[in-house]
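File shown: input10.txt (compact mmCIF, C-alpha atoms).
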```txt
# COMPACT_ATOMS: atom_id res chain seq x y z
CA MET A 1 3.95 38.64 23.74
CA SER A 2 3.74 34.95 22.81
CA ARG A 3 4.07 33.96 19.20
CA TRP A 4 0.87 31.87 19.51
CA SER A 5 -1.34 34.54 21.05
CA GLY A 6 -4.30 36.27 19.50
CA PRO A 7 -6.90 34.83 17.11
CA ALA A 8 -4.39 32.78 15.10
CA GLY A 9 -3.03 31.20 18.28
CA LEU A 10 -6.54 30.36 19.41
CA VAL A 11 -7.27 28.63 16.09
CA ILE A 12 -4.01 26.68 16.27
CA ARG A 13 -4.72 25.55 19.83
CA GLN A 14 -8.26 24.52 18.90
CA VAL A 15 -7.09 22.55 15.84
CA GLY A 16 -4.40 20.87 17.94
CA ALA A 17 -6.91 19.95 20.65
CA ALA A 18 -9.33 18.55 18.07
CA ALA A 19 -6.58 16.48 16.43
CA ALA A 20 -5.50 15.12 19.82
CA ALA A 21 -9.09 14.21 20.67
CA VAL A 22 -9.53 12.37 17.36
CA ALA A 23 -6.26 10.49 17.94
CA VAL A 24 -7.37 9.43 21.43
CA VAL A 25 -10.78 8.26 20.17
CA LEU A 26 -9.19 6.24 17.37
CA ALA A 27 -6.66 4.67 19.72
CA VAL A 28 -9.28 3.76 22.31
CA THR A 29 -11.77 2.33 19.81
CA ALA A 30 -9.22 0.26 17.87
CA THR A 31 -10.26 -3.39 17.76
CA PRO A 32 -8.86 -6.47 16.04
CA ALA A 33 -11.32 -5.78 13.22
CA ASN A 34 -9.38 -2.56 12.55
CA ALA A 35 -6.04 -4.37 12.26
CA HIS A 36 -4.19 -4.32 8.96
CA ALA A 37 -4.56 -7.20 6.53
CA ARG A 38 -1.80 -9.78 6.91
CA LEU A 39 -0.58 -12.38 4.46
CA ALA A 40 -1.76 -15.75 5.82
CA SER A 41 -0.27 -18.00 3.13
CA VAL A 42 1.28 -17.94 -0.31
CA SER A 43 1.81 -20.53 -3.02
CA PRO A 44 4.54 -21.29 -3.92
CA ALA A 45 5.77 -21.03 -0.35
CA LYS A 46 8.41 -18.51 0.68
CA ASP A 47 11.99 -19.80 0.19
CA SER A 48 10.71 -23.10 -1.26
CA THR A 49 12.18 -25.10 -4.13
CA ILE A 50 9.63 -26.33 -6.67
CA SER A 51 10.23 -29.22 -9.11
CA THR A 52 7.36 -28.39 -11.50
CA PRO A 53 6.68 -25.22 -13.49
CA VAL A 54 4.62 -22.63 -11.60
CA GLU A 55 1.74 -21.09 -13.59
CA THR A 56 0.05 -19.06 -10.84
CA VAL A 57 1.11 -17.30 -7.68
CA GLU A 58 -1.62 -17.34 -5.02
CA PHE A 59 -1.96 -15.18 -1.91
CA THR A 60 -4.37 -15.62 1.00
CA PHE A 61 -4.91 -12.77 3.49
CA ASP A 62 -6.62 -12.73 6.89
CA ASP A 63 -8.75 -9.75 5.82
CA ARG A 64 -10.51 -8.66 2.65
CA VAL A 65 -8.38 -6.97 0.03
CA ARG A 66 -9.58 -4.09 -2.11
CA ASP A 67 -9.32 -5.26 -5.69
CA GLU A 68 -8.68 -1.80 -7.14
CA PHE A 69 -5.40 -1.33 -5.21
CA VAL A 70 -3.44 -4.52 -5.91
CA THR A 71 0.10 -4.52 -7.29
CA ILE A 72 2.10 -7.70 -7.89
CA VAL A 73 5.55 -8.21 -9.41
CA VAL A 74 6.94 -11.62 -10.34
CA ALA A 75 10.51 -11.34 -11.65
CA GLY A 76 12.52 -14.31 -12.84
CA PRO A 77 15.93 -14.97 -14.37
CA GLN A 78 17.45 -11.96 -16.16
CA GLY A 79 14.90 -9.78 -14.32
CA ARG A 80 12.11 -10.69 -16.73
CA SER A 81 8.52 -10.07 -15.66
CA TYR A 82 6.58 -13.34 -15.54
CA LEU A 83 3.18 -11.68 -15.14
CA ARG A 84 0.59 -13.02 -17.53
CA GLY A 85 -2.67 -11.12 -17.52
CA GLU A 86 -4.65 -9.53 -14.73
CA VAL A 87 -4.70 -10.55 -11.10
CA GLU A 88 -7.90 -12.24 -9.92
CA VAL A 89 -9.16 -10.92 -6.58
CA ASP A 90 -11.72 -12.87 -4.55
CA GLN A 91 -12.09 -11.07 -1.20
CA PHE A 92 -9.31 -12.76 0.84
CA ARG A 93 -7.48 -14.38 -2.09
CA LEU A 94 -5.36 -13.14 -4.97
CA ARG A 95 -4.42 -15.29 -7.93
CA GLN A 96 -1.81 -13.98 -10.37
CA PRO A 97 -1.31 -15.98 -13.59
CA VAL A 98 2.35 -16.20 -14.68
CA TYR A 99 4.24 -17.62 -17.62
CA PRO A 100 5.38 -21.19 -16.87
CA THR A 101 8.54 -20.90 -14.78
CA GLY A 102 11.77 -22.58 -15.77
CA SER A 103 14.67 -23.43 -13.48
CA GLY A 104 15.98 -20.42 -11.59
CA SER A 105 15.30 -17.96 -8.80
CA TYR A 106 12.09 -15.89 -8.66
CA ARG A 107 11.23 -12.79 -6.65
CA VAL A 108 7.62 -11.92 -5.82
CA ALA A 109 6.71 -8.48 -4.46
CA TRP A 110 3.19 -7.47 -3.56
CA ARG A 111 1.26 -4.49 -2.26
CA VAL A 112 -2.43 -4.47 -1.33
CA VAL A 113 -4.88 -2.28 0.54
CA GLY A 114 -6.97 -4.06 3.14
CA SER A 115 -10.60 -3.35 3.98
CA ASP A 116 -9.40 -0.91 6.67
CA GLY A 117 -7.78 1.26 3.99
CA HIS A 118 -4.19 0.61 5.08
CA PRO A 119 -1.64 -0.52 2.50
CA VAL A 120 0.48 -3.57 3.33
CA GLN A 121 3.31 -5.00 1.29
CA GLY A 122 5.91 -7.70 1.27
CA GLU A 123 8.35 -9.69 -0.79
CA PHE A 124 9.55 -13.29 -0.94
CA ARG A 125 11.59 -15.60 -3.16
CA PHE A 126 11.28 -19.15 -4.40
CA GLN A 127 13.39 -21.44 -6.55
CA VAL A 128 12.42 -23.70 -9.45
CA ALA A 129 14.60 -26.76 -10.18
CA LEU A 130 13.13 -28.77 -13.05
CA PRO A 131 14.35 -32.21 -14.11
CA PRO A 132 16.30 -32.30 -17.41
CA GLY A 133 14.11 -31.97 -20.49
CA GLN A 134 11.16 -30.39 -18.67
CA GLU A 135 12.01 -26.72 -19.19
CA PRO A 136 9.02 -24.80 -20.61
CA THR A 137 9.24 -23.81 -24.25
CA GLU A 138 7.21 -20.62 -23.80
CA LEU A 139 9.15 -17.78 -22.20
CA PRO A 140 7.81 -14.37 -21.23
CA PRO A 141 8.60 -11.55 -23.64
CA ALA A 142 11.77 -9.59 -22.94
CA GLU A 143 9.64 -6.44 -22.59
CA ALA A 144 6.52 -6.47 -20.44
CA GLU A 145 3.52 -6.99 -22.68
CA GLU A 146 0.72 -4.48 -22.63
CA GLY A 147 -1.96 -5.40 -20.11
CA SER A 148 0.38 -7.62 -18.10
CA THR A 149 0.57 -5.31 -15.14
CA THR A 150 -1.74 -5.71 -12.20
CA ARG A 151 -4.28 -3.19 -11.07
CA SER A 152 -2.92 -0.32 -9.10
CA GLY A 153 -4.12 3.03 -7.89
CA THR A 154 -3.68 5.77 -5.36
CA PRO A 155 -5.26 4.71 -2.07
CA TRP A 156 -7.66 7.21 -0.55
CA VAL A 157 -5.44 7.19 2.55
CA LEU A 158 -2.71 8.99 0.58
CA VAL A 159 -5.19 11.54 -0.73
CA ALA A 160 -6.57 12.19 2.78
CA GLY A 161 -3.05 12.44 4.21
CA GLY A 162 -2.11 14.97 1.54
CA GLY A 163 -5.20 17.01 2.42
CA LEU A 164 -4.22 17.04 6.10
CA VAL A 165 -0.70 18.19 5.23
CA LEU A 166 -2.13 21.03 3.15
CA LEU A 167 -4.49 22.00 5.99
CA ALA A 168 -1.63 22.05 8.49
CA ALA A 169 0.50 24.15 6.13
CA GLY A 170 -2.37 26.62 5.75
CA VAL A 171 -2.75 26.93 9.52
CA VAL A 172 0.98 27.52 9.95
CA LEU A 173 1.05 30.13 7.18
CA ALA A 174 -1.99 31.88 8.60
CA SER A 175 -0.39 32.03 12.03
CA ARG A 176 2.79 33.57 10.66
CA THR A 177 1.12 36.42 8.84
CA ARG A 178 0.85 39.66 10.77
CA MET A 179 -2.60 40.58 11.86
CA PRO A 180 -3.58 44.28 11.60
CA ARG A 181 -2.98 46.19 14.88
CA ARG A 182 -6.66 46.59 15.64
CA LEU A 183 -7.17 42.80 15.67
CA THR A 184 -4.19 42.05 17.89
CA ARG A 185 -5.27 44.20 20.86
CA LYS A 186 -5.08 42.49 24.18
CA LEU A 187 -8.42 41.45 25.51
CA PRO A 188 -9.38 42.41 29.08
CA ARG A 189 -8.65 39.72 31.64
```

Will you turn the file into structure tokens for me?
Amino acid sequence: MSRWSGPAGLVIRQVGAAAAAVAVVLAVTATPANAHARLASVSPAKDSTISTPVETVEFTFDDRVRDEFVTIVVAGPQGRSYLRGEVEVDQFRLRQPVYPTGSGSYRVAWRVVGSDGHPVQGEFRFQVALPPGQEPTELPPAEAEEGSTTRSGTPWVLVAGGGLVLLAAGVVLASRTRMPRRLTRKLPR
């Protein structure tokens, strides 16, 4: 007798067929409007060398960005966080204020959730090379100040994915439990 026979096997086959049907419908109906958000431009530019202090890092995306799921990191010399206040989100644009940058190398990492609900992330670097005597006098605190982190949250996609994993685990567990003899009788053909 097959391991997937009986009522539990029927349920598993039906759930599998429904999941396959949903996957096919989603694949067939995918359009460019359902594509993930992509970073269109950033200022300062990736791998650029700037000769003036940077006071904001700006991102432009080709799709709207959900403002409640934005995370940005700007790390400078000695690994200090240069974030200064909250990120400003205006549909396709993000603007992150930073402490004025002095000479050195900076790493910017970002993670956003587009209007389609998919998270996208990336990282880039830029250099600052200021002329002598133009180094900023105000440095970021050695420890990140309270309120200097950007908004972040758990995207609903992760919650939904966790729910699907729990549902699949329940189906597998249900199929592995022994059914009472009277329910596992063979049906007439």

Write out, as a Markdown table, each residue of region 60-102 of chain A that has an atom at most 10 Å from region 33-53 of chain A, together with the closest pair of atoms and their distance in Å to one decimal, counting only C-alpha atoms, rows going by chain and rising number.
```
| residue | atom | partner | partner_atom | distance |
| --- | --- | --- | --- | --- |
| A:Thr60 | CA | A:Ser41 | CA | 5.2 |
| A:Phe61 | CA | A:Leu39 | CA | 4.5 |
| A:Asp62 | CA | A:Arg38 | CA | 5.7 |
| A:Asp63 | CA | A:Ala37 | CA | 5.0 |
| A:Arg64 | CA | A:Ala37 | CA | 7.3 |
| A:Val65 | CA | A:Ala37 | CA | 7.5 |
| A:Phe92 | CA | A:Ala37 | CA | 9.3 |
| A:Arg93 | CA | A:Ser41 | CA | 9.6 |
| A:Leu94 | CA | A:Val42 | CA | 9.4 |
| A:Arg95 | CA | A:Ser43 | CA | 9.5 |
| A:Tyr99 | CA | A:Pro53 | CA | 9.0 |
| A:Pro100 | CA | A:Pro53 | CA | 5.4 |
| A:Thr101 | CA | A:Pro53 | CA | 4.9 |
| A:Gly102 | CA | A:Pro53 | CA | 6.2 |
```

Got a sec: who's within 6 Å of Val108 (chain A), counting all atoms listed in the file, leaving out chain neighbours fewer than 5 positions off, as a PyMOL selection string? chain A and resi 73-74+123-124

Please, could you write that set of residues out with C-alpha atoms as a PDB file, in the coordinates of the input?
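Output saved as out_25.pdb:
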```pdb
ATOM      1  CA  VAL A  73       5.550  -8.210  -9.410  1.00  0.00           C
ATOM      2  CA  VAL A  74       6.940 -11.620 -10.340  1.00  0.00           C
ATOM      3  CA  GLU A 123       8.350  -9.690  -0.790  1.00  0.00           C
ATOM      4  CA  PHE A 124       9.550 -13.290  -0.940  1.00  0.00           C
TER       5      PHE A 124
END
```

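CA of Val89 (chain A) is positioned 16.6 Å from CA of Asp116 (chain A).
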
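CA of Pro136 (chain A) is positioned 14.8 Å from CA of Arg84 (chain A).
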
Which value, in Å to one decimal, gives the distance between CA of Leu130 (chain A) and CA of Ser105 (chain A)? 11.8 Å
